[in-house]
$ cat run34.txt   # compact mmCIF, C-alpha atoms
# COMPACT_ATOMS: atom_id res chain seq x y z
CA MET A 237 -179.55 175.29 -33.23
CA MET A 238 -178.71 177.57 -30.32
CA ALA A 239 -178.64 181.31 -30.99
CA LEU A 240 -175.41 183.05 -31.89
CA ASN A 241 -174.80 186.24 -29.94
CA ILE A 242 -173.00 189.00 -31.81
CA TYR A 243 -172.71 192.09 -29.63
CA GLY A 244 -176.11 191.50 -28.11
CA GLN A 245 -177.87 190.49 -31.33
CA GLN A 246 -179.31 186.98 -31.24
CA LEU A 247 -178.99 185.18 -34.56
CA ASN A 248 -180.56 181.92 -35.61
CA SER A 249 -177.70 180.92 -37.90
CA ARG A 250 -174.04 180.50 -36.98
CA LEU A 251 -172.92 181.13 -40.54
CA LEU A 252 -171.75 184.56 -41.62
CA ILE A 253 -171.50 184.84 -45.38
CA GLY A 254 -169.77 187.09 -47.88
CA SER A 255 -171.36 188.73 -50.88
CA ALA A 256 -168.44 188.68 -53.34
CA LEU A 257 -167.32 186.51 -56.26
CA TYR A 258 -170.73 185.04 -57.18
CA PRO A 259 -171.50 184.40 -60.86
CA SER A 260 -174.33 186.95 -60.72
CA PRO A 261 -176.26 189.09 -58.23
CA GLN A 262 -179.19 186.71 -58.56
CA VAL A 263 -177.07 183.71 -57.59
CA MET A 264 -175.60 185.71 -54.71
CA LYS A 265 -179.06 186.42 -53.37
CA GLN A 266 -180.24 182.81 -53.76
CA ALA A 267 -177.08 181.46 -52.12
CA ILE A 268 -177.34 183.79 -49.14
CA LEU A 269 -180.97 182.83 -48.65
CA ALA A 270 -180.14 179.12 -48.99
CA SER A 271 -177.36 179.41 -46.40
CA GLY A 272 -179.76 180.59 -43.72
CA SER A 273 -177.22 183.21 -42.68
CA GLN A 274 -178.40 186.43 -41.09
CA VAL A 275 -175.08 188.27 -41.39
CA VAL A 276 -173.80 189.37 -44.79
CA THR A 277 -170.45 191.03 -45.32
CA LEU A 278 -169.84 193.79 -47.82
CA SER A 279 -167.37 196.58 -48.46
CA LEU A 280 -166.79 200.08 -49.79
CA LYS A 281 -164.78 200.99 -52.85
CA ARG A 282 -164.20 203.78 -55.29
CA GLN A 283 -166.73 203.48 -58.08
CA ASN A 284 -167.79 205.48 -61.07
CA PRO A 285 -171.34 206.59 -60.18
CA ALA A 286 -172.31 206.14 -63.81
CA GLU A 287 -171.84 202.40 -63.43
CA LYS A 288 -175.11 200.89 -62.33
CA SER A 289 -173.77 197.49 -61.27
CA GLY A 290 -172.66 198.69 -57.85
CA GLN A 291 -176.04 200.19 -57.08
CA GLN A 292 -177.73 196.99 -58.24
CA ILE A 293 -175.64 194.89 -55.85
CA TRP A 294 -176.44 197.31 -53.06
CA ARG A 295 -180.17 196.97 -53.75
CA TYR A 296 -179.91 193.18 -53.78
CA LEU A 297 -178.05 193.14 -50.47
CA GLN A 298 -180.62 195.40 -48.86
CA GLU A 299 -183.39 193.10 -50.09
CA VAL A 300 -181.67 189.95 -48.83
CA VAL A 301 -180.87 191.35 -45.42
CA ALA A 302 -184.43 192.60 -45.02
CA GLU A 303 -185.82 189.22 -46.09
CA VAL A 304 -183.84 187.28 -43.48
CA ASN A 305 -184.21 189.94 -40.79
CA GLY A 306 -180.44 190.07 -40.83
CA HIS A 307 -177.49 192.40 -40.48
CA LEU A 308 -174.90 193.91 -42.75
CA LEU A 309 -171.30 193.50 -41.67
CA PRO A 310 -169.06 195.98 -43.50
CA ASN A 311 -165.38 195.14 -43.77
CA THR A 312 -162.21 197.15 -44.13
CA ALA A 313 -160.74 194.98 -46.87
CA GLY A 314 -157.68 196.40 -48.56
CA CYS A 315 -156.56 198.56 -45.64
CA LYS A 316 -152.91 198.30 -44.64
CA THR A 317 -152.73 200.76 -41.76
CA ALA A 318 -154.81 201.47 -38.69
CA LYS A 319 -155.49 204.96 -40.04
CA GLU A 320 -156.94 203.63 -43.31
CA ALA A 321 -159.06 201.08 -41.50
CA ILE A 322 -160.42 203.63 -39.05
CA THR A 323 -161.40 206.02 -41.85
CA LEU A 324 -163.09 203.23 -43.79
CA ALA A 325 -164.92 202.08 -40.65
CA GLU A 326 -166.24 205.60 -40.09
CA MET A 327 -167.42 205.81 -43.69
CA SER A 328 -169.09 202.40 -43.40
CA ARG A 329 -170.87 203.36 -40.21
CA GLU A 330 -172.38 206.40 -41.89
CA ILE A 331 -173.58 204.48 -44.94
CA PHE A 332 -174.73 201.24 -43.34
CA GLN A 333 -175.93 202.66 -40.02
CA THR A 334 -174.22 199.96 -37.97
CA ASN A 335 -171.51 199.96 -35.32
CA TRP A 336 -170.37 196.53 -36.46
CA ILE A 337 -167.12 196.44 -38.38
CA LYS A 338 -165.20 193.44 -39.66
CA LEU A 339 -161.75 194.85 -39.10
CA GLU A 340 -159.14 193.79 -41.65
CA VAL A 341 -155.68 195.34 -41.68
CA ILE A 342 -153.47 193.46 -44.08
CA GLY A 343 -149.74 193.20 -43.44
CA ASP A 344 -148.59 191.11 -46.37
CA ASP A 345 -149.81 191.05 -49.94
CA TYR A 346 -148.72 187.48 -50.64
CA ASN A 347 -150.92 185.70 -48.13
CA LEU A 348 -153.09 188.63 -47.03
CA GLN A 349 -151.99 188.00 -43.47
CA PRO A 350 -153.32 190.52 -40.95
CA ASP A 351 -150.85 192.98 -39.43
CA PRO A 352 -151.21 192.35 -35.69
CA ILE A 353 -149.72 195.67 -34.59
CA GLU A 354 -151.90 197.81 -36.82
CA LEU A 355 -154.88 195.61 -36.01
CA LEU A 356 -154.50 196.19 -32.28
CA ASN A 357 -154.02 199.93 -32.79
CA ALA A 358 -157.11 200.19 -34.97
CA THR A 359 -159.16 198.05 -32.61
CA GLU A 360 -158.36 200.21 -29.60
CA GLN A 361 -159.29 203.42 -31.44
CA LEU A 362 -162.48 202.02 -32.94
CA ILE A 363 -163.71 200.64 -29.62
CA ASN A 364 -163.08 204.06 -28.08
CA ASP A 365 -165.18 205.51 -30.90
CA GLY A 366 -168.10 203.22 -30.11
CA PHE A 367 -167.62 200.51 -32.72
CA ASN A 368 -168.36 196.84 -32.16
CA VAL A 369 -165.20 195.37 -33.63
CA LEU A 370 -165.04 191.92 -35.21
CA PRO A 371 -161.30 191.59 -35.89
CA TYR A 372 -159.98 189.28 -38.58
CA CYS A 373 -156.71 187.95 -37.19
CA THR A 374 -154.27 185.08 -37.36
CA ASP A 375 -154.53 182.02 -35.13
CA ASP A 376 -152.09 183.54 -32.63
CA LEU A 377 -153.30 182.95 -29.08
CA VAL A 378 -151.64 186.01 -27.56
CA LEU A 379 -152.98 188.30 -30.28
CA CYS A 380 -156.47 186.95 -29.67
CA GLN A 381 -156.04 187.52 -25.94
CA ARG A 382 -154.95 191.11 -26.55
CA LEU A 383 -157.96 191.73 -28.78
CA TYR A 384 -160.24 190.28 -26.13
CA ASP A 385 -158.60 192.39 -23.43
CA LEU A 386 -159.22 195.52 -25.52
CA GLY A 387 -162.92 194.75 -25.48
CA CYS A 388 -163.61 192.61 -28.54
CA GLN A 389 -166.48 190.31 -27.64
CA VAL A 390 -166.07 188.63 -31.01
CA ILE A 391 -162.72 187.44 -32.39
CA MET A 392 -162.23 185.97 -35.86
CA PRO A 393 -159.02 183.97 -36.33
CA TRP A 394 -158.28 182.66 -39.78
CA ALA A 395 -158.46 179.02 -40.75
CA SER A 396 -155.97 179.70 -43.54
CA PRO A 397 -155.26 182.64 -45.90
CA ILE A 398 -158.23 184.32 -47.56
CA GLY A 399 -159.53 182.57 -50.63
CA THR A 400 -157.21 179.56 -50.45
CA GLY A 401 -159.79 176.99 -49.42
CA LYS A 402 -157.07 175.16 -47.51
CA GLY A 403 -159.23 174.65 -44.46
CA LEU A 404 -157.91 174.57 -40.90
CA MET A 405 -154.12 174.87 -41.18
CA ASN A 406 -153.42 174.75 -37.47
CA PRO A 407 -156.12 172.91 -35.58
CA TYR A 408 -154.01 172.91 -32.42
CA ASN A 409 -153.76 176.71 -32.43
CA LEU A 410 -157.48 177.06 -32.97
CA GLU A 411 -158.32 174.58 -30.21
CA THR A 412 -155.98 176.40 -27.85
CA ILE A 413 -157.65 179.75 -28.56
CA ARG A 414 -161.02 178.14 -27.80
CA LEU A 415 -159.67 176.64 -24.58
CA ARG A 416 -158.03 179.83 -23.35
CA LEU A 417 -160.82 182.24 -24.30
CA PRO A 418 -163.93 180.34 -23.20
CA ASP A 419 -166.09 183.46 -22.94
CA ALA A 420 -165.19 185.04 -26.28
CA THR A 421 -167.41 184.57 -29.29
CA LEU A 422 -165.05 182.89 -31.76
CA ILE A 423 -165.83 182.98 -35.46
CA LEU A 424 -163.53 181.08 -37.79
CA ASP A 425 -162.91 183.39 -40.71
CA ALA A 426 -161.17 182.84 -44.05
CA GLY A 427 -159.67 179.85 -45.77
CA ILE A 428 -162.64 177.54 -45.38
CA GLY A 429 -162.86 175.28 -48.43
CA LYS A 430 -165.46 172.61 -47.82
CA PRO A 431 -168.39 171.94 -45.51
CA SER A 432 -166.37 169.51 -43.38
CA ASP A 433 -163.97 172.39 -42.53
CA ALA A 434 -166.87 174.34 -41.08
CA CYS A 435 -168.16 171.26 -39.31
CA LEU A 436 -164.74 170.69 -37.75
CA ALA A 437 -164.60 174.24 -36.43
CA MET A 438 -167.98 173.82 -34.81
CA GLU A 439 -166.96 170.48 -33.31
CA MET A 440 -164.07 172.37 -31.68
CA GLY A 441 -166.58 174.61 -29.97
CA TYR A 442 -166.29 177.60 -32.25
CA ASP A 443 -169.35 179.83 -32.21
CA GLY A 444 -169.59 180.34 -35.94
CA VAL A 445 -167.91 180.47 -39.32
CA LEU A 446 -167.49 183.30 -41.80
CA LEU A 447 -166.87 182.33 -45.41
CA ASN A 448 -167.35 183.52 -48.95
CA SER A 449 -165.20 181.90 -51.64
CA ALA A 450 -166.14 178.32 -50.70
CA VAL A 451 -169.74 179.06 -51.60
CA ALA A 452 -169.34 181.65 -54.34
CA LEU A 453 -166.78 179.62 -56.31
CA ALA A 454 -168.59 176.28 -56.03
CA ASP A 455 -170.04 174.81 -59.21
CA ASN A 456 -173.44 175.25 -57.60
CA PRO A 457 -173.22 178.08 -55.05
CA VAL A 458 -176.81 177.75 -53.90
CA LEU A 459 -176.45 174.04 -53.12
CA MET A 460 -173.08 174.63 -51.46
CA ALA A 461 -174.57 177.37 -49.29
CA LYS A 462 -177.19 174.93 -48.10
CA ALA A 463 -174.51 172.30 -47.46
CA PHE A 464 -172.54 174.72 -45.29
CA GLY A 465 -175.63 175.58 -43.28
CA GLN A 466 -176.18 171.90 -42.58
CA ALA A 467 -172.50 171.29 -41.83
CA LEU A 468 -172.53 173.98 -39.16
CA GLN A 469 -175.61 172.48 -37.58
CA ALA A 470 -174.03 169.01 -37.56
CA GLY A 471 -170.81 170.31 -36.02
CA GLU A 472 -172.56 172.33 -33.37
CA GLN A 473 -174.82 169.46 -32.39
CA GLY A 474 -171.81 167.15 -32.24
CA TYR A 475 -170.00 169.56 -29.93
CA VAL A 476 -173.02 169.98 -27.67
CA ALA A 477 -173.64 166.23 -27.62
CA GLY A 478 -170.11 165.61 -26.37
CA ILE A 479 -167.57 163.83 -28.54
CA MET A 480 -166.10 160.59 -27.21
CA GLU A 481 -162.51 160.44 -26.09
CA GLN A 482 -160.10 158.86 -28.55
CA ARG A 483 -158.63 155.56 -27.39
CA GLN A 484 -155.28 154.09 -28.22
CA THR A 485 -156.48 150.52 -28.77
CA ALA A 486 -159.39 148.89 -30.49
CA HIS A 487 -162.50 148.01 -28.52
CA PRO A 488 -165.14 145.80 -30.12
CA SER A 489 -168.47 147.49 -30.56
CA THR A 490 -170.33 144.21 -30.73
CA PRO A 491 -170.50 142.32 -27.43
CA THR A 492 -168.08 139.40 -27.45
CA LEU A 493 -169.95 137.32 -24.88
CA ASP A 494 -171.42 134.22 -26.48
CA THR A 495 -169.75 134.93 -29.80
CA PRO A 496 -170.18 131.87 -32.04
CA PHE A 497 -167.21 129.98 -33.40
CA TRP A 498 -165.06 131.58 -30.69
CA HIS A 499 -161.41 130.72 -30.93
CA GLN A 500 -159.41 131.29 -27.81
CA ASN A 501 -155.79 132.17 -28.80
CA MET B 222 -156.58 224.86 -58.27
CA ASN B 223 -156.09 221.18 -58.88
CA ILE B 224 -157.81 218.44 -56.92
CA HIS B 225 -158.27 214.72 -57.28
CA ILE B 226 -161.52 212.84 -56.83
CA ASN B 227 -161.06 209.07 -56.71
CA GLY B 228 -157.71 209.55 -58.37
CA LYS B 229 -159.06 211.58 -61.28
CA ALA B 230 -157.61 215.08 -61.71
CA TYR B 231 -159.87 218.12 -61.85
CA SER B 232 -158.65 221.62 -62.66
CA LEU B 233 -160.72 224.57 -61.45
CA SER B 234 -159.27 227.82 -62.81
CA ASN B 235 -161.32 230.37 -60.89
CA GLU B 236 -161.45 228.79 -57.46
CA VAL B 237 -159.23 228.98 -54.37
CA HIS B 238 -161.29 226.42 -52.58
CA ILE B 239 -164.68 224.79 -52.87
CA SER B 240 -166.91 222.92 -50.45
CA VAL B 241 -167.11 219.16 -50.43
CA SER B 242 -170.70 219.55 -51.61
CA SER B 243 -169.52 221.48 -54.68
CA ALA B 244 -166.73 219.03 -55.34
CA LEU B 245 -169.20 216.18 -55.35
CA THR B 246 -171.13 217.77 -58.20
CA LEU B 247 -167.99 217.33 -60.30
CA HIS B 248 -168.12 213.61 -59.62
CA PHE B 249 -171.81 212.84 -59.60
CA ILE B 250 -174.56 213.76 -61.95
CA GLU B 251 -177.08 213.35 -59.13
CA PRO B 252 -175.41 212.94 -55.72
CA GLN B 253 -178.76 212.53 -53.99
CA GLN B 254 -179.43 209.41 -56.07
CA SER B 255 -176.43 207.51 -54.72
CA THR B 256 -175.37 205.91 -51.47
CA PHE B 257 -171.82 206.99 -50.69
CA ALA B 258 -169.41 208.28 -48.07
CA VAL B 259 -166.52 210.72 -48.35
CA ALA B 260 -162.96 211.06 -47.10
CA LEU B 261 -160.79 214.14 -47.64
CA ASN B 262 -157.05 213.46 -47.67
CA GLY B 263 -157.73 210.20 -45.87
CA ASP B 264 -159.97 211.65 -43.16
CA PHE B 265 -163.68 210.86 -42.96
CA VAL B 266 -166.06 213.73 -43.69
CA GLY B 267 -169.60 213.22 -42.44
CA LYS B 268 -172.56 214.27 -44.53
CA ALA B 269 -173.39 217.02 -42.07
CA ASP B 270 -170.05 218.65 -42.84
CA TYR B 271 -170.13 218.64 -46.66
CA ASP B 272 -171.12 222.30 -46.91
CA THR B 273 -168.59 223.59 -44.39
CA THR B 274 -165.56 221.45 -45.22
CA LEU B 275 -163.32 223.05 -47.83
CA VAL B 276 -161.38 221.33 -50.58
CA LYS B 277 -158.18 223.19 -51.45
CA ASN B 278 -155.47 222.97 -54.08
CA GLY B 279 -153.73 219.61 -53.97
CA ASP B 280 -156.43 217.92 -51.92
CA SER B 281 -157.64 214.44 -52.65
CA LEU B 282 -161.23 213.34 -52.19
CA ASP B 283 -162.33 209.72 -51.96
CA VAL B 284 -165.97 208.94 -52.70
CA LEU B 285 -166.79 205.34 -51.81
CA LEU B 286 -169.87 203.29 -52.61
CA PRO B 287 -171.06 199.88 -51.37
CA ILE B 288 -169.77 196.81 -53.17
CA GLN B 289 -169.69 193.09 -52.54
CA GLY B 290 -167.22 191.93 -49.92
CA GLY B 291 -166.06 188.88 -48.05

$ encode --input "run34.txt" --output "structure tokens"
Amino acid sequence: MMALNIYGQQLNSRLLIGSALYPSPQVMKQAILASGSQVVTLSLKRQNPAEKSGQQIWRYLQEVVAEVNGHLLPNTAGCKTAKEAITLAEMSREIFQTNWIKLEVIGDDYNLQPDPIELLNATEQLINDGFNVLPYCTDDLVLCQRLYDLGCQVIMPWASPIGTGKGLMNPYNLETIRLRLPDATLILDAGIGKPSDACLAMEMGYDGVLLNSAVALADNPVLMAKAFGQALQAGEQGYVAGIMEQRQTAHPSTPTLDTPFWHQN
Amino acid sequence: MNIHINGKAYSLSNEVHISVSSALTLHFIEPQQSTFAVALNGDFVGKADYDTTLVKNGDSLDVLLPIQGG
């Protein structure tokens, strides 16, 4: 597999994986390791310091990331304004010692659709403040272009709303973004349900996939994590190998010359 | 004065203001044992500024810790 470049960091895996919703911290750790991913997302929330579970998760994540020589990717989940997202990004940078931020600014509670206006405002400010922004956005070509123009080297359009598992809702939109932004690192983020969704994104020429629920909510998260790792490899290799053009009519694969029992109609 | 830390109300009868560092002792038993970051009224406060940033009546402090995320 070719290396994935995220703001100058070369990564062996093209899968970015979330750390939420697993049956237990142990399963989370095993699944992340099985996925082969070197980028793990996490977040910040209010917590009662007396509760030890949060600190345990934090220890596990540190162990996993160290074991795979990977990177933490903090998100701004739950933010609804640029101001909230910027504050959370600053807090994340202090804690996690990284300029990377998965920028989420939600505009609608029903489908957790990103707010494009607030997203652009937050992106501009965070880039000015030295962040490497990985914006979670819709599959809107012009929005992606604007994010790229602001300086986002990585852009993360959704496949479908977070946690739905509906897969690629608008393949045409996603293909168009790939076509029009050939130099951007495109990560398909959110809505992935099954390994074939990830494979399809890679066959389109996407650079990677970010997912969480599809692995964490599987009956066997560790096995599913492994399946996704393999699906990404298959899709990438298919894209690199060059997929044949579709044809309108059937063409026999087996040579017809000297076919026995030939009936000329 | 009355302040909120992570939405919980605290009433401090003899104070006009306190530092962020002092406010954190209301929230944590051992702040040095935890990984966290702070915002005051929605603005980030870096660790270097905990002693010099003042929390006043009506202020709201957010103390955030790492959790799982997607």

$ closest_residue --input "run34.txt" --among "A:Ala486, A:Ala454, A:Ala426, A:Ala467" --to "chain B" --atoms "all atoms listed in the file"
A:Ala426

$ closest_atom_pairs --input "run34.txt" --of "chain B" --to "chain A" --cutoff "7 Å" --atoms "only C-alpha atoms" --output "CSV"
residue,atom,partner,partner_atom,distance
B:Asn227,CA,A:Arg282,CA,6.3
B:Phe249,CA,A:Pro285,CA,6.3
B:Thr256,CA,A:Ile331,CA,6.9
B:Phe257,CA,A:Ile331,CA,6.5
B:Ala258,CA,A:Met327,CA,5.4
B:Val259,CA,A:Met327,CA,6.8
B:Gly263,CA,A:Thr323,CA,6.9
B:Asp264,CA,A:Thr323,CA,6.0
B:Phe265,CA,A:Thr323,CA,5.5
B:Val284,CA,A:Arg282,CA,6.0
B:Leu285,CA,A:Arg282,CA,4.6
B:Leu286,CA,A:Leu280,CA,5.3
B:Pro287,CA,A:Leu280,CA,4.6
B:Ile288,CA,A:Ser279,CA,5.3
B:Gln289,CA,A:Ala256,CA,4.7
B:Gly290,CA,A:Leu278,CA,3.8
B:Gly291,CA,A:Gly254,CA,4.1

$ residues_around --input "run34.txt" --residues "region 362-372 of chain A" --least-positions-apart "2" --cutoff "7 Å" --atoms "all atoms listed in the file" --output "PyMOL selection string"
chain A and resi 243+322+335-340+358-360+388+390-394+425

$ atom_distance --input "run34.txt" --atom1 "CA of Ala452 (chain A)" --atom2 "CA of Ala420 (chain A)"
28.6 Å

$ atom_distance --input "run34.txt" --atom1 "CA of Lys402 (chain A)" --atom2 "CA of Gly429 (chain A)"
5.9 Å

$ atom_distance --input "run34.txt" --atom1 "CA of Gln245 (chain A)" --atom2 "CA of Val304 (chain A)"
13.9 Å

$ residues_around --input "run34.txt" --residues "Gln469 (chain A)" --least-positions-apart "5" --cutoff "10 Å" --atoms "all atoms listed in the file" --output "mmCIF file with C-alpha atoms, in the coordinates of the input"
data_model
loop_
_atom_site.group_PDB
_atom_site.id
_atom_site.type_symbol
_atom_site.label_atom_id
_atom_site.label_comp_id
_atom_site.auth_asym_id
_atom_site.auth_seq_id
_atom_site.Cartn_x
_atom_site.Cartn_y
_atom_site.Cartn_z
ATOM 1 C CA MET A 237 -179.550 175.290 -33.230
ATOM 2 C CA MET A 238 -178.710 177.570 -30.320
ATOM 3 C CA SER A 249 -177.700 180.920 -37.900
ATOM 4 C CA ARG A 250 -174.040 180.500 -36.980
ATOM 5 C CA LEU A 251 -172.920 181.130 -40.540
ATOM 6 C CA ALA A 434 -166.870 174.340 -41.080
ATOM 7 C CA CYS A 435 -168.160 171.260 -39.310
ATOM 8 C CA MET A 438 -167.980 173.820 -34.810
ATOM 9 C CA GLU A 439 -166.960 170.480 -33.310
ATOM 10 C CA ALA A 463 -174.510 172.300 -47.460
ATOM 11 C CA PHE A 464 -172.540 174.720 -45.290
ATOM 12 C CA GLY A 474 -171.810 167.150 -32.240
ATOM 13 C CA TYR A 475 -170.000 169.560 -29.930
#

$ residues_around --input "run34.txt" --residues "Ser232 (chain B)" --least-positions-apart "5" --cutoff "9 Å" --atoms "all atoms listed in the file" --output "PyMOL selection string"
chain B and resi 222-225

$ residues_around --input "run34.txt" --residues "Val237 (chain B)" --least-positions-apart "2" --cutoff "8 Å" --atoms "only C-alpha atoms" --output "list in words"
Met222, Asn235, Ile239, Lys277 and Asn278 of chain B

$ residues_around --input "run34.txt" --residues "Val276 (chain B)" --least-positions-apart "4" --cutoff "9 Å" --atoms "only C-alpha atoms" --output "list in words"
Ile224, Val237, His238, Ile239, Ser240, Val241, Ala244, Leu261, Asp280, Ser281 and Leu282 of chain B
